[in-house]
Structures are given as C-alpha cells and as structure tokens.
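Visitor: Next comes my_file09.txt, compact mmCIF, C-alpha atoms and all ligand atoms:
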```txt
# COMPACT_ATOMS: atom_id res chain seq x y z
CA MET A 66 7.30 25.79 18.31
CA ILE A 67 5.38 23.35 16.10
CA ARG A 68 4.44 19.97 17.50
CA ILE A 69 3.39 16.89 15.53
CA ARG A 70 0.66 15.06 17.42
CA ARG A 71 -2.28 12.74 16.86
CA ALA A 72 -5.45 14.63 15.89
CA GLN A 73 -8.36 14.97 18.30
CA LYS A 74 -12.06 15.41 17.53
CA SER A 75 -11.74 19.11 18.36
CA ASP A 76 -9.25 19.52 15.46
CA ALA A 77 -11.90 18.78 12.80
CA ALA A 78 -12.71 22.43 12.03
CA ALA A 79 -9.04 23.43 11.73
CA ILE A 80 -8.16 20.41 9.57
CA GLY A 81 -11.14 21.16 7.31
CA ARG A 82 -9.96 24.75 6.87
CA VAL A 83 -6.37 23.73 6.05
CA HIS A 84 -7.71 21.01 3.72
CA VAL A 85 -9.71 23.50 1.62
CA GLU A 86 -6.95 26.13 1.66
CA THR A 87 -4.21 23.73 0.52
CA TRP A 88 -6.36 22.06 -2.15
CA GLN A 89 -7.29 25.43 -3.66
CA ALA A 90 -3.65 26.59 -3.58
CA THR A 91 -2.17 23.32 -4.87
CA TYR A 92 -4.65 22.07 -7.42
CA ALA A 93 -5.63 25.28 -9.28
CA GLY A 94 -5.12 24.38 -12.95
CA LEU A 95 -4.72 20.67 -12.13
CA LEU A 96 -8.28 19.86 -11.00
CA PRO A 97 -11.55 21.27 -12.38
CA ASP A 98 -12.25 24.85 -11.15
CA ALA A 99 -15.84 23.80 -10.34
CA LEU A 100 -14.64 21.18 -7.89
CA LEU A 101 -12.24 23.57 -6.13
CA ALA A 102 -14.72 26.46 -6.01
CA ALA A 103 -17.38 24.17 -4.52
CA MET A 104 -15.19 23.12 -1.60
CA SER A 105 -16.31 24.54 1.72
CA ASP A 106 -14.66 24.68 5.13
CA VAL A 107 -17.95 23.68 6.74
CA ARG A 108 -18.49 20.55 4.62
CA GLN A 109 -14.84 19.51 4.83
CA SER A 110 -14.82 20.00 8.61
CA ALA A 111 -17.99 17.92 8.96
CA TRP A 112 -16.29 15.16 6.94
CA TRP A 113 -13.25 15.22 9.32
CA GLN A 114 -15.58 15.37 12.33
CA ARG A 115 -17.19 12.08 11.26
CA LEU A 116 -13.82 10.47 10.58
CA LEU A 117 -12.31 11.61 13.90
CA ALA A 118 -15.34 10.25 15.77
CA ASP A 119 -14.25 6.73 14.70
CA PRO A 120 -11.26 5.74 16.88
CA GLY A 121 -10.08 3.16 14.32
CA GLN A 122 -9.68 5.87 11.66
CA ALA A 123 -8.68 8.69 14.03
CA ARG A 124 -5.54 6.84 15.13
CA GLY A 125 -4.13 7.41 11.63
CA VAL A 126 -4.58 11.20 11.61
CA PHE A 127 -1.79 13.57 12.68
CA VAL A 128 -1.53 17.35 12.78
CA ALA A 129 1.25 19.92 12.85
CA ASP A 130 0.18 22.20 15.69
CA ASP A 131 1.77 25.65 15.91
CA GLN A 132 1.76 27.21 19.36
CA GLU A 133 0.26 30.46 18.02
CA MET A 134 -1.53 29.54 14.77
CA GLY A 135 -2.96 26.14 15.72
CA VAL A 136 -3.20 23.43 13.05
CA VAL A 137 -1.03 24.31 10.02
CA GLY A 138 -0.72 20.86 8.44
CA PHE A 139 -2.13 17.36 8.63
CA GLY A 140 -1.75 13.86 7.28
CA SER A 141 -3.71 10.65 7.45
CA CYS A 142 -3.09 6.96 6.86
CA GLY A 143 -4.66 3.52 7.19
CA PRO A 144 -5.07 0.25 5.27
CA VAL A 145 -4.40 0.40 1.53
CA ARG A 146 -7.53 1.15 -0.51
CA ASP A 147 -6.35 0.54 -4.06
CA PRO A 148 -3.09 -1.43 -4.21
CA PRO A 149 -0.90 -0.23 -7.13
CA GLU A 150 0.01 -2.83 -9.75
CA GLY A 151 3.73 -2.38 -9.05
CA LEU A 152 3.59 -4.16 -5.68
CA ASP A 153 5.30 -7.53 -6.11
CA GLY A 154 3.28 -9.65 -3.70
CA THR A 155 6.09 -10.11 -1.16
CA GLU A 156 4.59 -7.44 1.11
CA THR A 157 3.15 -8.70 4.41
CA ARG A 158 0.73 -5.86 4.94
CA VAL A 159 0.34 -2.66 2.94
CA GLY A 160 -0.78 0.66 4.37
CA GLU A 161 -1.57 3.91 2.59
CA VAL A 162 -0.89 7.57 3.21
CA TYR A 163 -4.24 9.09 2.26
CA THR A 164 -3.46 12.78 2.75
CA LEU A 165 -0.50 15.03 3.53
CA TYR A 166 -0.97 18.80 3.42
CA VAL A 167 0.95 21.73 4.88
CA GLU A 168 -0.35 25.33 4.67
CA PRO A 169 1.56 27.33 2.04
CA ASP A 170 3.02 29.75 4.64
CA PHE A 171 4.45 26.81 6.58
CA GLN A 172 5.90 24.76 3.72
CA ASN A 173 9.62 24.06 3.37
CA ILE A 174 10.40 24.14 7.07
CA GLY A 175 10.37 20.38 7.56
CA LEU A 176 6.74 19.80 8.57
CA GLY A 177 5.93 17.53 5.61
CA ARG A 178 8.88 15.32 6.51
CA ARG A 179 7.89 15.20 10.19
CA LEU A 180 4.25 14.40 9.39
CA LEU A 181 5.28 11.67 6.94
CA ASP A 182 7.55 10.24 9.62
CA ALA A 183 4.64 10.13 12.10
CA LEU A 184 2.42 8.41 9.50
CA PHE A 185 5.08 5.80 8.72
CA ARG A 186 5.54 5.10 12.44
CA GLN A 187 1.79 4.59 12.80
CA LEU A 188 1.59 2.31 9.76
CA ARG A 189 4.51 0.28 11.09
CA ALA A 190 2.92 0.06 14.57
CA ASP A 191 -0.21 -1.28 12.83
CA GLY A 192 1.82 -4.14 11.31
CA ASN A 193 2.49 -2.77 7.83
CA ASP A 194 5.83 -3.35 6.12
CA THR A 195 5.02 -1.22 3.06
CA ALA A 196 3.32 2.13 2.51
CA VAL A 197 1.85 3.52 -0.69
CA LEU A 198 0.55 6.95 -1.64
CA TRP A 199 -1.48 8.04 -4.68
CA MET A 200 -1.07 11.56 -6.04
CA LEU A 201 -1.90 13.57 -9.16
CA ALA A 202 0.69 12.82 -11.84
CA ASP A 203 0.99 16.55 -12.61
CA ASN A 204 1.55 17.60 -9.00
CA PRO A 205 5.11 18.97 -8.76
CA THR A 206 5.34 17.82 -5.15
CA ARG A 207 6.07 14.32 -6.46
CA PHE A 208 9.71 15.41 -6.15
CA PHE A 209 9.14 15.73 -2.41
CA TYR A 210 8.13 12.06 -2.24
CA GLU A 211 11.05 10.99 -4.42
CA GLY A 212 13.33 12.89 -2.02
CA MET A 213 11.73 10.97 0.84
CA GLY A 214 12.71 7.67 -0.81
CA GLY A 215 9.40 6.81 -2.46
CA ALA A 216 9.60 4.67 -5.61
CA ARG A 217 7.07 4.92 -8.47
CA CYS A 218 4.95 1.78 -8.45
CA GLY A 219 1.74 2.37 -10.35
CA GLU A 220 -0.63 4.54 -12.35
CA ARG A 221 -4.39 4.92 -12.59
CA ILE A 222 -7.03 7.21 -14.03
CA ASP A 223 -9.44 8.73 -11.51
CA THR A 224 -12.52 10.79 -12.34
CA MET A 225 -13.01 14.06 -10.44
CA ALA A 226 -15.97 16.36 -11.14
CA GLY A 227 -16.42 14.59 -14.49
CA LYS A 228 -12.80 15.04 -15.57
CA ASP A 229 -10.32 12.17 -15.97
CA VAL A 230 -7.13 12.81 -13.99
CA GLU A 231 -3.94 10.78 -14.11
CA GLU A 232 -2.55 9.62 -10.80
CA VAL A 233 0.72 7.92 -9.88
CA ALA A 234 1.57 5.79 -6.86
CA TYR A 235 4.72 5.80 -4.76
CA ALA A 236 5.79 3.00 -2.44
CA TRP A 237 8.10 2.74 0.56
CA ARG A 238 9.23 -0.75 1.40
CA ASN A 239 11.12 0.19 4.53
CA LEU A 240 8.96 1.98 7.06
CA ASP A 241 11.98 2.67 9.22
CA ALA A 242 12.29 5.32 6.51
CA PRO A 243 16.03 5.82 6.84
CA LEU A 244 15.97 8.90 4.61
CA ILE A 245 13.56 10.64 6.93
CA ARG A 246 15.24 9.57 10.15
CA ARG A 247 18.74 10.46 9.00
CA LYS A 248 17.65 14.00 8.16
CA LEU A 249 15.72 14.40 11.43
CA ALA A 250 18.74 13.16 13.39
CA ALA A 251 20.99 15.64 11.58
CA GLU A 252 18.61 18.47 12.49
CA ASP A 253 18.46 17.59 16.21
C1 LIG B 1 4.29 18.28 -0.28
C2 LIG B 1 4.31 18.88 1.12
C3 LIG B 1 3.46 18.03 2.04
C4 LIG B 1 5.76 18.90 1.60
O1 LIG B 1 5.77 19.44 2.91
P1 LIG B 1 6.83 20.56 3.35
O2 LIG B 1 6.63 20.80 4.79
O3 LIG B 1 6.72 21.72 2.44
O4 LIG B 1 8.21 19.82 3.06
P2 LIG B 1 9.51 19.79 3.98
O5 LIG B 1 9.83 21.16 4.42
O6 LIG B 1 9.36 18.74 5.03
O7 LIG B 1 10.57 19.36 2.90
C5 LIG B 1 11.39 18.23 3.01
C6 LIG B 1 12.31 18.20 1.81
O8 LIG B 1 11.55 18.11 0.61
C7 LIG B 1 11.88 19.18 -0.26
N1 LIG B 1 10.66 19.60 -0.94
C8 LIG B 1 9.53 20.10 -0.38
N2 LIG B 1 8.62 20.37 -1.34
C9 LIG B 1 9.20 20.04 -2.52
C10 LIG B 1 8.78 20.10 -3.88
N3 LIG B 1 7.60 20.57 -4.24
N4 LIG B 1 9.65 19.67 -4.83
C11 LIG B 1 10.87 19.21 -4.50
N5 LIG B 1 11.33 19.13 -3.23
C12 LIG B 1 10.50 19.53 -2.27
C13 LIG B 1 12.42 20.25 0.64
O9 LIG B 1 13.27 21.13 -0.06
C14 LIG B 1 13.16 19.45 1.67
O10 LIG B 1 14.41 19.06 1.13
P3 LIG B 1 15.72 18.80 2.02
O11 LIG B 1 15.58 17.40 2.53
O12 LIG B 1 16.83 18.91 1.06
O13 LIG B 1 15.70 19.81 3.10
C15 LIG B 1 3.80 20.34 1.13
O14 LIG B 1 4.64 21.12 0.34
C16 LIG B 1 2.38 20.49 0.64
O15 LIG B 1 1.45 20.38 1.43
N6 LIG B 1 2.21 20.78 -0.64
C17 LIG B 1 0.92 21.06 -1.21
C18 LIG B 1 -0.04 19.92 -1.11
C19 LIG B 1 0.39 18.64 -1.77
O16 LIG B 1 0.74 18.61 -2.93
N7 LIG B 1 0.34 17.56 -0.99
C20 LIG B 1 0.61 16.24 -1.48
C21 LIG B 1 -0.63 15.64 -1.99
S1 LIG B 1 -0.47 13.89 -2.12
```
Could you rewrite the structure in this file as structure tokens?
Guide:
Amino acid sequence: MIRIRRAQKSDAAAIGRVHVETWQATYAGLLPDALLAAMSDVRQSAWWQRLLADPGQARGVFVADDQEMGVVGFGSCGPVRDPPEGLDGTETRVGEVYTLYVEPDFQNIGLGRRLLDALFRQLRADGNDTAVLWMLADNPTRFFYEGMGGARCGERIDTMAGKDVEEVAYAWRNLDAPLIRRKLAAED
C-alpha cells in the first residue's frame, strides 16, 4: 500500500535520495553532466531538512510513502515564483508546483497523479485559483501534464551549470482538477 501524506522533517533524507536518483535518471542528456554528477544525497537532504524545518514551506511538501520501501516520490508547492507571461491577469492568486518526482520503479502506477492532486488541494486550501509549473521544454513528461489538463502558458530560458536551458510553463485554472478527480473516482 502506498499512502500520499504531508512530509515530515524526518523525511528529508529519503526525499533527498529520491531527488538525486530521479534527476539523474530523468535529466541525463538534457542537463549538463557536470551538474548531475555533482549532485549528492547528503547535500540534497540537507537542503530538504532546512526547507522542512520551516512550517510555512513544509505544508506544501507531500510524499508517496510505500509501506515497505518508504518514500518513493514527492512533490512540493507554494506561492508562484516567476509568473509565466501567458497568465491573463484575471487570476486571484497563483500558486506553483515546484517539484514532482516519482522513483523510476514506481512510475506509471498513478502516484504522479495522486501527488499532483494533493498539491492542487493544498494550493486551493491556501487560496489559489490557478497553479503553474515550469519544466524543461525537452522533458518528455510534458505529456503527463497535458494529460492532467495543464495548458501551455509561457516560456523562459534558465541557466544551469553555465548552460542555457529552455523551459515551458503549464497552467491549471481549475484547481478542482476535474481530470484528476474523475480518474481517481473511476479507480476507487
Ligand atoms: C512525470 C511523473 C511525475 C509522472 O508520475 P507517474 O506516477 O509516473 O504518473 P501516473 O502513473 O500518475 O500517470 C498518470 C497518467 O499519465 C500518463 N503518463 C505518465 N508519464 C507519462 C509520460 N512521460 N508521457 C505521457 N503520459 C504519461 C500515464 O500513462 C497515466 O495515464 P492514464 O491517465 O491514461 O492512466 C513521473 O513519471 C516522474 O517522476 N518522471 C520523472 C521526473 C520528471 O520528469 N518530473 C517532472 C519534472 S517537472
């Protein structure tokens, strides 16, 4: 059984490990090798430890917790950091999904959808009516977000380890997320 729950401080080490593992598996060939090779479980865990020590930020972090394996996925959200140009100004409050990662062995069994649902619920509870997410333009998982009802709403160039990378933004203007709920209801 795999439960989606809010992260606790004691999850920092596990989240850090999954973070490094999924980045190295997902971004090989998309991000500079030097950046991926330099990632370390210890540093990444320390970063999550600091974030989870702040209750304001910790409330936006969720994990997929497998009864036997522990944390196998995580996602985080909060206020928008860089609003995409495609927002039309009618939004009341905009939140952002900062991260969403599921370990390769646990992908395609519905955890990404369940984590995204938890993040949308949190953003809605915090008064947001819109959510955005930035991702690498070349990341094939953009089809996942399109399947979840996200609409392309912006582009930017980011610099990572000295290399320019293209990113695209997706937006959800209905955080009831009917596409997610309908599927979850059908699975119950
Ligand atoms: C993207 C990711 C979070 C999706 O999580 P997941 O648990 O594998 O996805 P789910 O099992 O919940 O899939 C839900 C639906 O999306 C589809 N889907 C999943 N990954 C997909 C992909 N890469 N391309 C197209 N569709 C995809 C599934 O087939 C499923 O479709 P269905 O509704 O017809 O059943 C996960 O694959 C992942 O961590 N990938 C690597 C890291 C990454 O790129 N993260 C995003 C960075 S912003």
Visitor: Edge lengths and centre in Å to one decimal, as lines of an AutoDock Vina configuration file, is what I'm after for the box along x, y and z that holds all listed atoms of segment 68-74 of chain A once 8 Å is added on each side.
Guide:
```
center_x = -3.8
center_y = 16.4
center_z = 16.9
size_x = 32.5
size_y = 23.2
size_z = 18.8
```
Visitor: Determine the nearest neighbour of Ala78 of chain A from the options A:Pro97, A:Trp113, A:Asp182, A:Ser105, counting only C-alpha atoms.
Guide: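 Of all the options, A:Trp113 lies closest to Ala78 of chain A.
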Visitor: Between A:Leu240, A:Ile69, A:Leu188, A:Val85, which has the minimum distance to Asp106 of chain A (counting all atoms listed in the file)?
Guide: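 Of all the options, A:Val85 lies closest to Asp106 of chain A.
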Visitor: Write out as a Markdown table a residue-level contact list of chain A versus ligand LIG 1 (chain B) with cut-off 7 Å: for each qualifying residue the closest pair of atoms and the distance in Å to one decimal, counting all atoms listed in the file, rows sorted by chain and residue number upward.
Guide:
```
| residue | atom | partner | partner_atom | distance |
| --- | --- | --- | --- | --- |
| A:Thr87 | CA | B:LIG1 | C18 | 5.9 |
| A:Trp88 | CA | B:LIG1 | C18 | 6.8 |
| A:Thr91 | CA | B:LIG1 | C17 | 5.3 |
| A:Thr164 | CA | B:LIG1 | S1 | 5.8 |
| A:Leu165 | CA | B:LIG1 | C3 | 5.2 |
| A:Tyr166 | CA | B:LIG1 | O15 | 3.5 |
| A:Val167 | CA | B:LIG1 | O15 | 3.7 |
| A:Glu168 | CA | B:LIG1 | O15 | 6.2 |
| A:Pro169 | CA | B:LIG1 | O15 | 7.0 |
| A:Phe171 | CA | B:LIG1 | O2 | 6.6 |
| A:Gln172 | CA | B:LIG1 | O3 | 3.4 |
| A:Asn173 | CA | B:LIG1 | O5 | 3.1 |
| A:Ile174 | CA | B:LIG1 | O5 | 4.0 |
| A:Gly175 | CA | B:LIG1 | O6 | 3.2 |
| A:Leu176 | CA | B:LIG1 | O2 | 3.9 |
| A:Gly177 | CA | B:LIG1 | O1 | 3.3 |
| A:Arg178 | CA | B:LIG1 | O6 | 3.8 |
| A:Arg179 | CA | B:LIG1 | O6 | 6.4 |
| A:Trp199 | CA | B:LIG1 | S1 | 6.5 |
| A:Met200 | CA | B:LIG1 | S1 | 4.6 |
| A:Asn204 | CA | B:LIG1 | O16 | 6.2 |
| A:Pro205 | CA | B:LIG1 | N3 | 5.4 |
| A:Thr206 | CA | B:LIG1 | N3 | 3.7 |
| A:Arg207 | CA | B:LIG1 | N4 | 6.6 |
| A:Phe208 | CA | B:LIG1 | C11 | 4.3 |
| A:Phe209 | CA | B:LIG1 | C12 | 4.0 |
| A:Gly212 | CA | B:LIG1 | O8 | 6.1 |
| A:Lys248 | CA | B:LIG1 | O11 | 6.9 |
```
Visitor: Write a file of the selected residues as a short mmCIF file (atom, residue, chain, number, x, y, z; two decimals), in the coordinates of the input, keeping C-alpha atoms.
Guide:
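To be explicit, this is the file written out as result-v6.cif:
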```cif
data_model
loop_
_atom_site.label_atom_id
_atom_site.label_comp_id
_atom_site.auth_asym_id
_atom_site.auth_seq_id
_atom_site.Cartn_x
_atom_site.Cartn_y
_atom_site.Cartn_z
CA THR A 87 -4.21 23.73 0.52
CA TRP A 88 -6.36 22.06 -2.15
CA THR A 91 -2.17 23.32 -4.87
CA THR A 164 -3.46 12.78 2.75
CA LEU A 165 -0.50 15.03 3.53
CA TYR A 166 -0.97 18.80 3.42
CA VAL A 167 0.95 21.73 4.88
CA GLU A 168 -0.35 25.33 4.67
CA PRO A 169 1.56 27.33 2.04
CA PHE A 171 4.45 26.81 6.58
CA GLN A 172 5.90 24.76 3.72
CA ASN A 173 9.62 24.06 3.37
CA ILE A 174 10.40 24.14 7.07
CA GLY A 175 10.37 20.38 7.56
CA LEU A 176 6.74 19.80 8.57
CA GLY A 177 5.93 17.53 5.61
CA ARG A 178 8.88 15.32 6.51
CA ARG A 179 7.89 15.20 10.19
CA TRP A 199 -1.48 8.04 -4.68
CA MET A 200 -1.07 11.56 -6.04
CA ASN A 204 1.55 17.60 -9.00
CA PRO A 205 5.11 18.97 -8.76
CA THR A 206 5.34 17.82 -5.15
CA ARG A 207 6.07 14.32 -6.46
CA PHE A 208 9.71 15.41 -6.15
CA PHE A 209 9.14 15.73 -2.41
CA GLY A 212 13.33 12.89 -2.02
CA LYS A 248 17.65 14.00 8.16
#
```
Visitor: List the neighbours of Leu95 of chain A out to 10 Å using all atoms listed in the file; skip same-chain residues closer than 2 positions along the sequence, and give me the result as an MDAnalysis selection string.
Guide: chainID A and resid 91:93 97:98 201:204 230
Visitor: Let me see the file: selected residues, C-alpha atoms, as a PDB file, in the coordinates of the input.
Guide:
```pdb
ATOM      1  CA  THR A  91      -2.170  23.320  -4.870  1.00  0.00           C
ATOM      2  CA  TYR A  92      -4.650  22.070  -7.420  1.00  0.00           C
ATOM      3  CA  ALA A  93      -5.630  25.280  -9.280  1.00  0.00           C
ATOM      4  CA  PRO A  97     -11.550  21.270 -12.380  1.00  0.00           C
ATOM      5  CA  ASP A  98     -12.250  24.850 -11.150  1.00  0.00           C
ATOM      6  CA  LEU A 201      -1.900  13.570  -9.160  1.00  0.00           C
ATOM      7  CA  ALA A 202       0.690  12.820 -11.840  1.00  0.00           C
ATOM      8  CA  ASP A 203       0.990  16.550 -12.610  1.00  0.00           C
ATOM      9  CA  ASN A 204       1.550  17.600  -9.000  1.00  0.00           C
ATOM     10  CA  VAL A 230      -7.130  12.810 -13.990  1.00  0.00           C
TER      11      VAL A 230
END
```
